[in-house]
>>> print(open('protein04.txt').read())   # compact mmCIF, C-alpha atoms
# COMPACT_ATOMS: atom_id res chain seq x y z
CA PRO U 285 34.95 -10.18 -98.67
CA MET U 286 36.43 -7.00 -97.21
CA GLN U 287 40.19 -6.83 -97.13
CA PRO U 288 41.82 -6.26 -93.74
CA PRO U 289 43.48 -2.87 -93.28
CA PRO U 290 47.19 -2.60 -94.08
CA PHE U 291 49.38 -3.89 -91.27
CA TYR U 292 50.82 -0.48 -90.52
CA ASN U 293 47.37 0.98 -89.87
CA VAL U 294 46.72 -1.27 -86.88
CA ILE U 295 50.06 -0.76 -85.13
CA THR U 296 50.01 1.70 -82.22
CA LEU U 297 53.24 2.81 -80.60
CA GLU U 298 53.64 5.13 -77.64
CA ALA U 299 57.11 6.43 -76.94
CA SER U 300 59.23 8.92 -75.02
CA ALA U 301 62.26 10.30 -76.80
CA THR U 302 65.17 12.48 -75.71
CA ALA U 303 68.07 13.67 -77.83
CA ASP U 304 71.06 15.86 -76.91
CA ALA U 305 73.70 17.75 -78.86
CA LEU U 306 71.81 17.77 -82.17
CA THR U 307 72.59 20.17 -85.02
CA ILE U 308 69.47 21.37 -86.84
CA GLY U 309 69.60 23.94 -89.64
CA GLY U 310 73.06 25.07 -88.58
CA ILE U 311 71.98 25.51 -84.93
CA GLU U 312 74.19 23.46 -82.61
CA GLU U 313 73.63 21.93 -79.16
CA VAL U 314 69.90 21.36 -79.71
CA ARG U 315 68.07 19.26 -77.11
CA THR U 316 64.65 17.66 -77.64
CA ASP U 317 62.19 15.86 -75.33
CA ALA U 318 58.98 14.35 -76.65
CA GLN U 319 56.01 12.18 -75.71
CA VAL U 320 54.38 10.82 -78.89
CA ARG U 321 51.82 8.25 -80.04
CA LEU U 322 52.21 6.73 -83.50
CA GLN U 323 49.34 4.95 -85.23
CA GLY U 324 49.89 4.19 -88.90
CA ARG U 325 51.01 7.45 -90.47
CA SER U 326 49.38 9.60 -87.77
CA VAL U 327 51.56 11.08 -85.01
CA SER U 328 49.97 12.54 -81.88
CA ILE U 329 52.29 14.75 -79.85
CA SER U 330 51.42 15.00 -76.16
CA THR U 331 54.43 17.22 -75.49
CA MET U 332 57.51 18.15 -77.48
CA THR U 333 60.17 20.63 -76.41
CA VAL U 334 63.07 21.79 -78.55
CA GLU U 335 65.68 23.87 -76.70
CA SER U 336 68.99 25.50 -77.58
CA SER U 337 71.02 28.25 -75.85
CA GLY U 338 68.09 29.49 -73.78
CA ASN U 339 65.65 29.44 -76.73
CA GLN U 340 62.71 27.05 -76.45
CA LEU U 341 59.90 25.80 -78.71
CA ASP U 342 56.94 23.76 -77.34
CA LEU U 343 54.63 21.77 -79.63
CA VAL U 344 51.35 19.95 -78.97
CA GLY U 345 49.01 18.40 -81.54
CA ALA U 346 48.94 15.96 -84.42
CA ALA U 347 50.68 15.46 -87.74
CA THR U 348 50.64 12.94 -90.57
CA LEU U 349 53.77 11.53 -92.10
CA GLY U 350 54.27 12.52 -95.73
CA THR U 351 51.93 15.17 -97.15
CA GLY U 352 48.96 14.61 -94.81
CA PRO U 353 47.29 17.18 -92.53
CA ILE U 354 49.05 19.02 -89.69
CA ASP U 355 47.50 20.63 -86.61
CA LEU U 356 50.09 21.84 -84.09
CA ALA U 357 49.86 24.43 -81.33
CA MET U 358 53.18 26.28 -81.01
CA ASP U 359 54.64 28.33 -78.20
CA ALA U 360 58.17 29.72 -78.51
CA ARG U 361 60.37 31.83 -76.24
CA PHE U 362 63.64 33.26 -77.51
CA GLU U 363 65.77 34.66 -74.69
CA ARG U 364 68.88 34.65 -76.91
CA PRO U 365 67.61 35.23 -80.47
CA GLU U 366 71.13 36.09 -81.66
CA ALA U 367 72.04 32.39 -81.30
CA LEU U 368 69.49 31.57 -84.02
CA ALA U 369 70.62 34.30 -86.44
CA ALA U 370 74.11 33.18 -87.45
CA TRP U 371 73.17 33.86 -91.10
CA LEU U 372 72.98 37.61 -90.36
CA PRO U 373 76.04 39.91 -90.14
CA PRO U 374 77.16 40.01 -86.48
CA HIS U 375 76.08 43.63 -85.89
CA TRP U 376 72.54 42.88 -87.17
CA ARG U 377 71.91 39.82 -84.97
CA PRO U 378 69.08 40.77 -82.58
CA SER U 379 69.21 40.57 -78.80
CA GLY U 380 66.45 40.93 -76.22
CA ALA U 381 63.42 38.74 -75.52
CA LEU U 382 61.15 37.52 -78.32
CA GLY U 383 58.20 35.15 -78.33
CA PHE U 384 55.66 33.54 -80.65
CA SER U 385 52.36 31.84 -79.91
CA GLY U 386 50.18 30.32 -82.62
CA ARG U 387 49.07 27.32 -84.67
CA LEU U 388 50.50 25.48 -87.66
CA ALA U 389 47.89 23.78 -89.85
CA GLY U 390 47.48 22.66 -93.46
CA SER U 391 50.08 20.17 -94.69
CA ALA U 392 53.84 19.91 -95.15
CA ARG U 393 53.29 20.76 -98.82
CA GLU U 394 51.00 23.75 -98.12
CA PRO U 395 51.46 24.94 -94.52
CA ALA U 396 49.29 27.60 -92.89
CA LEU U 397 50.67 29.49 -89.89
CA ALA U 398 48.78 31.97 -87.72
CA GLY U 399 49.78 33.58 -84.44
CA ARG U 400 51.26 36.53 -82.62
CA ILE U 401 54.87 37.64 -82.20
CA PHE U 402 55.93 39.82 -79.28
CA GLY U 403 59.11 41.07 -77.67
CA SER U 404 60.78 43.47 -75.26
CA GLY U 405 64.16 45.16 -75.12
CA VAL U 406 64.87 44.22 -78.74
CA GLU U 407 68.14 45.61 -80.15
CA ALA U 408 70.00 45.15 -83.43
CA ASN U 409 72.96 47.24 -84.61
CA GLY U 410 72.18 49.92 -82.03
CA ILE U 411 68.49 50.19 -83.01
CA VAL U 412 66.43 49.59 -79.85
CA PHE U 413 62.70 49.09 -79.25
CA ASP U 414 61.15 48.75 -75.80
CA THR U 415 58.27 46.58 -77.05
CA LEU U 416 57.25 44.77 -80.22
CA GLU U 417 53.97 43.04 -81.05
CA SER U 418 52.16 41.90 -84.18
CA ALA U 419 49.74 39.37 -85.66
CA LEU U 420 51.38 37.12 -88.24
CA THR U 421 50.00 34.70 -90.84
CA PHE U 422 51.49 32.63 -93.64
CA GLU U 423 48.97 30.99 -95.96
CA ARG U 424 48.93 30.08 -99.65
CA GLY U 425 52.42 31.43 -100.08
CA VAL U 426 51.70 34.90 -98.63
CA LEU U 427 53.29 36.26 -95.45
CA ARG U 428 51.03 38.88 -93.83
CA VAL U 429 51.90 41.12 -90.89
CA SER U 430 48.93 42.87 -89.27
CA GLY U 431 49.10 45.57 -86.65
CA LEU U 432 52.87 45.55 -86.10
CA ARG U 433 53.65 47.96 -83.27
CA LEU U 434 57.17 49.01 -82.33
CA ARG U 435 57.56 51.39 -79.39
CA ARG U 436 60.45 53.22 -77.77
CA GLY U 437 59.82 55.88 -75.17
CA GLU U 438 57.28 58.30 -76.62
CA GLY U 439 57.95 57.11 -80.18
CA SER U 440 56.06 54.43 -82.09
CA LEU U 441 55.99 52.79 -85.52
CA HIS U 442 52.85 51.04 -86.85
CA LEU U 443 53.07 48.78 -89.92
CA ASP U 444 50.76 46.49 -91.90
CA GLY U 445 51.83 44.57 -94.96
CA ASP U 446 52.13 41.37 -96.94
CA ILE U 447 54.56 39.80 -99.38
CA ASP U 448 54.37 36.59 -101.39
CA ARG U 449 57.06 33.93 -101.14
CA SER U 450 58.13 34.45 -104.76
CA LEU U 451 59.00 38.08 -103.81
CA THR U 452 57.01 39.42 -106.79
CA HIS U 453 54.30 41.38 -104.99
CA MET U 454 53.93 43.27 -101.72
CA ASN U 455 51.80 45.81 -99.89
CA LEU U 456 53.29 47.96 -97.12
CA ARG U 457 51.56 50.68 -95.15
CA GLY U 458 52.87 52.38 -92.06
CA ARG U 459 53.21 55.47 -89.92
CA GLY U 460 55.75 56.44 -87.28
CA GLU U 461 56.21 59.46 -85.07
CA LYS U 462 58.57 60.79 -82.39
CA LEU U 463 61.12 58.08 -83.20
CA ALA U 464 64.76 58.23 -82.16
CA LEU U 465 67.11 55.85 -83.97
CA PHE U 466 70.80 55.10 -83.66
CA VAL U 467 72.46 52.79 -86.19
CA ARG U 468 75.85 51.66 -84.95
CA GLU U 469 77.25 50.74 -88.38
CA LEU U 470 75.67 51.63 -91.74
CA ASP U 471 77.39 49.77 -94.59
CA GLY U 472 80.84 50.98 -93.61
CA ALA U 473 79.71 54.62 -93.39
CA GLY U 474 79.96 54.74 -89.61
CA PRO U 475 77.20 55.54 -87.12
CA LEU U 476 73.92 57.26 -87.98
CA ARG U 477 71.69 59.04 -85.47
CA VAL U 478 68.19 60.32 -86.22
CA ASP U 479 66.16 62.34 -83.70
CA ASP U 480 62.43 63.16 -83.66
CA LEU U 481 61.68 61.14 -86.79
CA SER U 482 58.25 60.88 -88.39
CA VAL U 483 57.55 58.66 -91.40
CA GLU U 484 54.65 57.63 -93.63
CA ILE U 485 54.77 54.66 -96.03
CA ASP U 486 52.24 53.47 -98.63
CA VAL U 487 53.87 51.15 -101.17
CA THR U 488 52.62 48.30 -103.35
CA GLY U 489 53.79 46.18 -106.27
CA SER U 490 57.06 44.37 -106.86
CA PRO U 491 59.83 44.91 -104.26
CA ALA U 492 62.21 45.55 -107.16
CA GLN U 493 59.86 48.09 -108.79
CA PRO U 494 57.39 49.39 -106.19
CA THR U 495 54.66 51.96 -106.68
CA GLY U 496 53.66 54.38 -103.97
CA HIS U 497 54.85 57.11 -101.66
CA VAL U 498 57.28 57.43 -98.75
CA SER U 499 57.84 60.59 -96.73
CA SER U 500 59.89 61.31 -93.62
CA ALA U 501 61.08 64.25 -91.55
CA ALA U 502 63.66 64.36 -88.75
CA GLY U 503 64.44 67.05 -86.22
CA ASN U 504 68.14 66.27 -86.55
CA VAL U 505 70.38 63.80 -88.40
CA ALA U 506 74.01 63.06 -87.60
CA VAL U 507 76.34 60.94 -89.79
CA LYS U 508 79.72 59.94 -88.35
CA ARG U 509 78.83 62.30 -85.48
CA ARG U 510 78.60 65.22 -87.89
CA GLU U 511 75.37 67.16 -87.32
CA LEU U 512 73.30 67.82 -90.46
CA GLY U 513 70.35 69.46 -88.69
CA PRO U 514 66.70 68.93 -89.73
CA VAL U 515 66.14 66.71 -92.79
CA ALA U 516 62.95 66.07 -94.81
CA LEU U 517 62.64 63.51 -97.60
CA SER U 518 59.74 62.47 -99.81
CA ALA U 519 59.72 60.04 -102.73
CA THR U 520 57.03 58.87 -105.14
CA SER U 521 57.46 55.87 -107.45
CA ALA U 522 55.29 55.06 -110.46
CA ALA U 523 55.80 53.38 -113.84
CA GLY U 524 59.39 52.48 -112.95
CA ARG U 525 60.39 56.08 -112.17
CA VAL U 526 61.10 57.67 -108.81
CA ARG U 527 60.62 61.35 -108.05
CA GLY U 528 62.15 62.61 -104.81
CA HIS U 529 62.53 65.80 -102.82
CA LEU U 530 65.19 66.31 -100.15
CA THR U 531 65.49 69.28 -97.80
CA LEU U 532 68.49 69.90 -95.56
>>> encode(input="protein04.txt", output="structure tokens")
Amino acid sequence: PMQPPPFYNVITLEASATADALTIGGIEEVRTDAQVRLQGRSVSISTMTVESSGNQLDLVGAATLGTGPIDLAMDARFERPEALAAWLPPHWRPSGALGFSGRLAGSAREPALAGRIFGSGVEANGIVFDTLESALTFERGVLRVSGLRLRRGEGSLHLDGDIDRSLTHMNLRGRGEKLALFVRELDGAGPLRVDDLSVEIDVTGSPAQPTGHVSSAAGNVAVKRRELGPVALSATSAAGRVRGHLTL
């Protein structure tokens, strides 16, 4: 005769849950609201909201306890991203408005994330961009950024790249033009200002020993408010050696 299913597989529980003043991953004053349905090890999430300091994450979908499959739609809005970046030095904590919309699939052991990140008025350490947008995936241990666009005024920076989670291999390609950058504090060396910057990047291999080429040219560079005038720099790396050329 057939055996009846395990007891836990026939229990269905529907619940509403609210929690205040949680601390998650070092982030304090986290509030959560959720409507869930539990059947065996399967959890269906009708709505779940996680909020802290004006930053909010909404989840809808299903997950399985343990190492089972996950399928969650995610929508996040970060109006105060600096509150989530306590691990960064204070002057590098970003401000502005950031958002993410996408889907988390796979399993807890091997997650797969795909979506888009976007932002406006993003600033960190004096570096400001009017808009930011990019496609983003994380699958099989590789983080891939596709079509990253950073814009400020007439200037723009376009980047595509990927890096594995073991930090042993990467690809980075990009091009920027008419950029104006101001770094408020550069490793104790004071402020740095760069005007009319253009840059090209094509690098692959290990982050510690990359292979490829980087070139840049600026209409003017100022360090500690001391004007250096136009600056051009190019560097090529291969077989563990770097060859560079600097013009002032």
>>> closest_residue(input="protein04.txt", among="U:Leu368, U:Val334, U:Leu530, U:Ile485", to="U:Val314", atoms="all atoms listed in the file")
U:Val334
>>> closest_residue(input="protein04.txt", among="U:Leu463, U:Val426, U:Ala347, U:Ala370", to="U:Gly445", atoms="all atoms listed in the file")
U:Val426
>>> closest_residue(input="protein04.txt", among="U:Leu476, U:Val526, U:Leu532, U:Leu388", to="U:Arg510", atoms="all atoms listed in the file")
U:Leu476
>>> residues_around(input="protein04.txt", residues="U:Gly383", least_positions_apart="4", cutoff="7 Å", atoms="only C-alpha atoms", output="list in words")
Ala360, Arg361, Phe362, Ile401, Phe402 and Gly403 of chain U
>>> atom_distance(input="protein04.txt", atom1="atom CA of U:Glu423", atom2="atom CA of U:Arg449")
10.0 Å
>>> residues_near_point(input="protein04.txt", point="(56.1, 10.8, -76.8)", cutoff="7 Å", atoms="only C-alpha atoms", output="VMD selection string")
chain U and resid 298 to 301 318 to 321 329 to 331
>>> residues_near_point(input="protein04.txt", point="(61.9, 15.3, -75.4)", cutoff="6 Å", atoms="all atoms listed in the file", output="NGL selection string")
:U and (301-302 or 316-318 or 332-333)
>>> axis_aligned_box(input="protein04.txt", around="stretch 501-517 of chain U", padding_each_side="6 Å", output="JSON")
{"center_x": 70.4, "center_y": 64.7, "center_z": -91.5, "size_x": 30.6, "size_y": 21.5, "size_z": 24.1}
>>> atom_distance(input="protein04.txt", atom1="atom CA of U:Met454", atom2="atom CA of U:Ser418")
17.7 Å
>>> atom_distance(input="protein04.txt", atom1="atom CA of U:Leu517", atom2="atom CA of U:Val498")
8.2 Å
>>> residues_around(input="protein04.txt", residues="U:Arg377", least_positions_apart="2", cutoff="12 Å", atoms="all atoms listed in the file", output="number ranges by chain")
U: 364-375, 379-380, 406-411
>>> residues_around(input="protein04.txt", residues="U:Gly437", least_positions_apart="5", cutoff="10 Å", atoms="all atoms listed in the file", output="JSON, numbers by chain")
{"U": [413, 414, 415, 462, 463, 464]}
>>> closest_residue(input="protein04.txt", among="U:Asn455, U:Ser518, U:Ser391, U:Gln323", to="U:Gly352", atoms="only C-alpha atoms")
U:Ser391
>>> closest_residue(input="protein04.txt", among="U:Val487, U:Asp480, U:Val327, U:Ser337", to="U:Asp446", atoms="all atoms listed in the file")
U:Val487
>>> closest_residue(input="protein04.txt", among="U:Gly345, U:Pro353, U:Gly513, U:Gly474", to="U:Ala396", atoms="all atoms listed in the file")
U:Pro353
>>> residues_around(input="protein04.txt", residues="U:Ala419", least_positions_apart="6", cutoff="9 Å", atoms="all atoms listed in the file", output="list in words")
Ala398, Gly399, Arg400, Ile401, Phe402, Arg428, Val429, Ser430, Gly431 and Leu432 of chain U
>>> write_last_selection(input="protein04.txt", atoms="C-alpha atoms", output="PDB file, in the coordinates of the input")
ATOM      1  CA  ALA U 398      48.780  31.970 -87.720  1.00  0.00           C
ATOM      2  CA  GLY U 399      49.780  33.580 -84.440  1.00  0.00           C
ATOM      3  CA  ARG U 400      51.260  36.530 -82.620  1.00  0.00           C
ATOM      4  CA  ILE U 401      54.870  37.640 -82.200  1.00  0.00           C
ATOM      5  CA  PHE U 402      55.930  39.820 -79.280  1.00  0.00           C
ATOM      6  CA  ARG U 428      51.030  38.880 -93.830  1.00  0.00           C
ATOM      7  CA  VAL U 429      51.900  41.120 -90.890  1.00  0.00           C
ATOM      8  CA  SER U 430      48.930  42.870 -89.270  1.00  0.00           C
ATOM      9  CA  GLY U 431      49.100  45.570 -86.650  1.00  0.00           C
ATOM     10  CA  LEU U 432      52.870  45.550 -86.100  1.00  0.00           C
TER      11      LEU U 432
END
>>> decode(input="protein04.txt", residues="stretch 369-412 of chain U", atoms="N, CA and C atoms", output="CSV table (one decimal), in the first residue's frame")
chain,number,residue,atom,x,y,z
U,369,ALA,N,25.5,51.8,3.7
U,369,ALA,CA,26.9,51.6,3.3
U,369,ALA,C,27.8,52.0,4.5
U,370,ALA,N,27.5,51.6,5.7
U,370,ALA,CA,28.3,51.9,6.9
U,370,ALA,C,29.7,51.3,6.8
U,371,TRP,N,29.8,50.2,5.9
U,371,TRP,CA,31.1,49.5,5.8
U,371,TRP,C,32.1,50.4,4.9
U,372,LEU,N,31.6,51.4,4.2
U,372,LEU,CA,32.5,52.3,3.5
U,372,LEU,C,33.0,53.4,4.3
U,373,PRO,N,34.2,54.0,4.0
U,373,PRO,CA,34.6,55.2,4.6
U,373,PRO,C,33.6,56.3,4.5
U,374,PRO,N,33.4,57.1,5.5
U,374,PRO,CA,32.3,58.1,5.4
U,374,PRO,C,32.2,58.9,4.1
U,375,HIS,N,33.4,59.4,3.6
U,375,HIS,CA,33.4,60.3,2.4
U,375,HIS,C,33.1,59.5,1.1
U,376,TRP,N,33.1,58.1,1.2
U,376,TRP,CA,32.7,57.4,0.0
U,376,TRP,C,31.3,56.8,0.0
U,377,ARG,N,30.5,57.1,1.1
U,377,ARG,CA,29.2,56.6,1.2
U,377,ARG,C,28.3,57.4,0.2
U,378,PRO,N,27.6,56.7,-0.7
U,378,PRO,CA,26.8,57.4,-1.7
U,378,PRO,C,25.6,58.0,-1.2
U,379,SER,N,25.2,59.1,-1.9
U,379,SER,CA,23.9,59.8,-1.6
U,379,SER,C,23.2,59.9,-3.0
U,380,GLY,N,21.9,60.3,-2.9
U,380,GLY,CA,21.1,60.4,-4.2
U,380,GLY,C,20.0,59.3,-4.1
U,381,ALA,N,19.4,59.1,-5.3
U,381,ALA,CA,18.3,58.1,-5.4
U,381,ALA,C,18.8,56.9,-6.3
U,382,LEU,N,18.7,55.7,-5.7
U,382,LEU,CA,19.0,54.5,-6.5
U,382,LEU,C,17.9,53.5,-6.5
U,383,GLY,N,17.8,52.7,-7.5
U,383,GLY,CA,16.8,51.7,-7.5
U,383,GLY,C,17.2,50.4,-8.2
U,384,PHE,N,16.5,49.3,-8.0
U,384,PHE,CA,16.8,48.1,-8.6
U,384,PHE,C,15.5,47.3,-8.9
U,385,SER,N,15.3,46.8,-10.0
U,385,SER,CA,14.1,46.0,-10.4
U,385,SER,C,14.6,44.7,-11.1
U,386,GLY,N,14.2,43.5,-10.6
U,386,GLY,CA,14.7,42.3,-11.2
U,386,GLY,C,14.1,41.1,-10.6
U,387,ARG,N,14.7,39.9,-10.8
U,387,ARG,CA,14.2,38.6,-10.3
U,387,ARG,C,15.4,37.8,-9.8
U,388,LEU,N,15.1,37.2,-8.7
U,388,LEU,CA,16.1,36.2,-8.0
U,388,LEU,C,15.5,34.8,-8.2
U,389,ALA,N,16.3,34.0,-8.9
U,389,ALA,CA,15.9,32.6,-9.1
U,389,ALA,C,17.0,31.6,-8.7
U,390,GLY,N,16.9,30.4,-9.1
U,390,GLY,CA,17.9,29.4,-8.7
U,390,GLY,C,17.6,28.8,-7.4
U,391,SER,N,18.6,28.8,-6.5
U,391,SER,CA,18.5,28.3,-5.2
U,391,SER,C,19.3,29.0,-4.2
U,392,ALA,N,19.2,28.8,-2.9
U,392,ALA,CA,20.0,29.5,-1.9
U,392,ALA,C,21.5,29.1,-2.1
U,393,ARG,N,21.7,27.9,-2.6
U,393,ARG,CA,23.1,27.4,-2.8
U,393,ARG,C,23.7,28.0,-4.0
U,394,GLU,N,22.9,28.2,-5.1
U,394,GLU,CA,23.3,28.7,-6.4
U,394,GLU,C,22.3,29.7,-6.9
U,395,PRO,N,22.3,30.9,-6.4
U,395,PRO,CA,21.4,31.9,-6.8
U,395,PRO,C,21.7,32.5,-8.2
U,396,ALA,N,20.6,33.0,-8.8
U,396,ALA,CA,20.8,33.7,-10.1
U,396,ALA,C,20.0,34.9,-10.1
U,397,LEU,N,20.6,36.1,-10.2
U,397,LEU,CA,20.0,37.4,-10.1
U,397,LEU,C,20.1,38.1,-11.5
U,398,ALA,N,19.0,38.7,-11.9
U,398,ALA,CA,19.0,39.4,-13.2
U,398,ALA,C,18.0,40.6,-13.0
U,399,GLY,N,18.5,41.8,-13.5
U,399,GLY,CA,17.6,43.0,-13.4
U,399,GLY,C,18.3,44.2,-13.9
U,400,ARG,N,17.8,45.4,-13.5
U,400,ARG,CA,18.3,46.7,-13.9
U,400,ARG,C,18.5,47.5,-12.7
U,401,ILE,N,19.6,48.3,-12.6
U,401,ILE,CA,19.9,49.2,-11.6
U,401,ILE,C,19.8,50.6,-12.2
U,402,PHE,N,19.3,51.6,-11.5
U,402,PHE,CA,19.2,53.0,-12.0
U,402,PHE,C,19.3,53.9,-10.9
U,403,GLY,N,19.6,55.2,-11.2
U,403,GLY,CA,19.7,56.2,-10.2
U,403,GLY,C,19.8,57.6,-10.8
U,404,SER,N,19.7,58.6,-9.9
U,404,SER,CA,19.7,60.0,-10.3
U,404,SER,C,20.4,60.8,-9.1
U,405,GLY,N,21.1,61.8,-9.5
U,405,GLY,CA,21.7,62.7,-8.5
U,405,GLY,C,22.6,61.9,-7.5
U,406,VAL,N,23.4,60.9,-8.1
U,406,VAL,CA,24.3,60.1,-7.3
U,406,VAL,C,25.6,60.8,-7.0
U,407,GLU,N,26.0,60.8,-5.7
U,407,GLU,CA,27.2,61.5,-5.4
U,407,GLU,C,28.0,60.7,-4.3
U,408,ALA,N,29.3,60.7,-4.5
U,408,ALA,CA,30.2,60.0,-3.5
U,408,ALA,C,31.5,60.7,-3.5
U,409,ASN,N,31.9,61.2,-2.4
U,409,ASN,CA,33.2,61.9,-2.2
U,409,ASN,C,33.4,63.0,-3.2
U,410,GLY,N,32.3,63.7,-3.5
U,410,GLY,CA,32.4,64.9,-4.5
U,410,GLY,C,32.2,64.5,-5.9
U,411,ILE,N,32.3,63.2,-6.3
U,411,ILE,CA,32.0,62.7,-7.6
U,411,ILE,C,30.5,62.6,-7.8
U,412,VAL,N,30.0,63.3,-8.8
U,412,VAL,CA,28.5,63.4,-9.0
U,412,VAL,C,28.2,62.9,-10.4
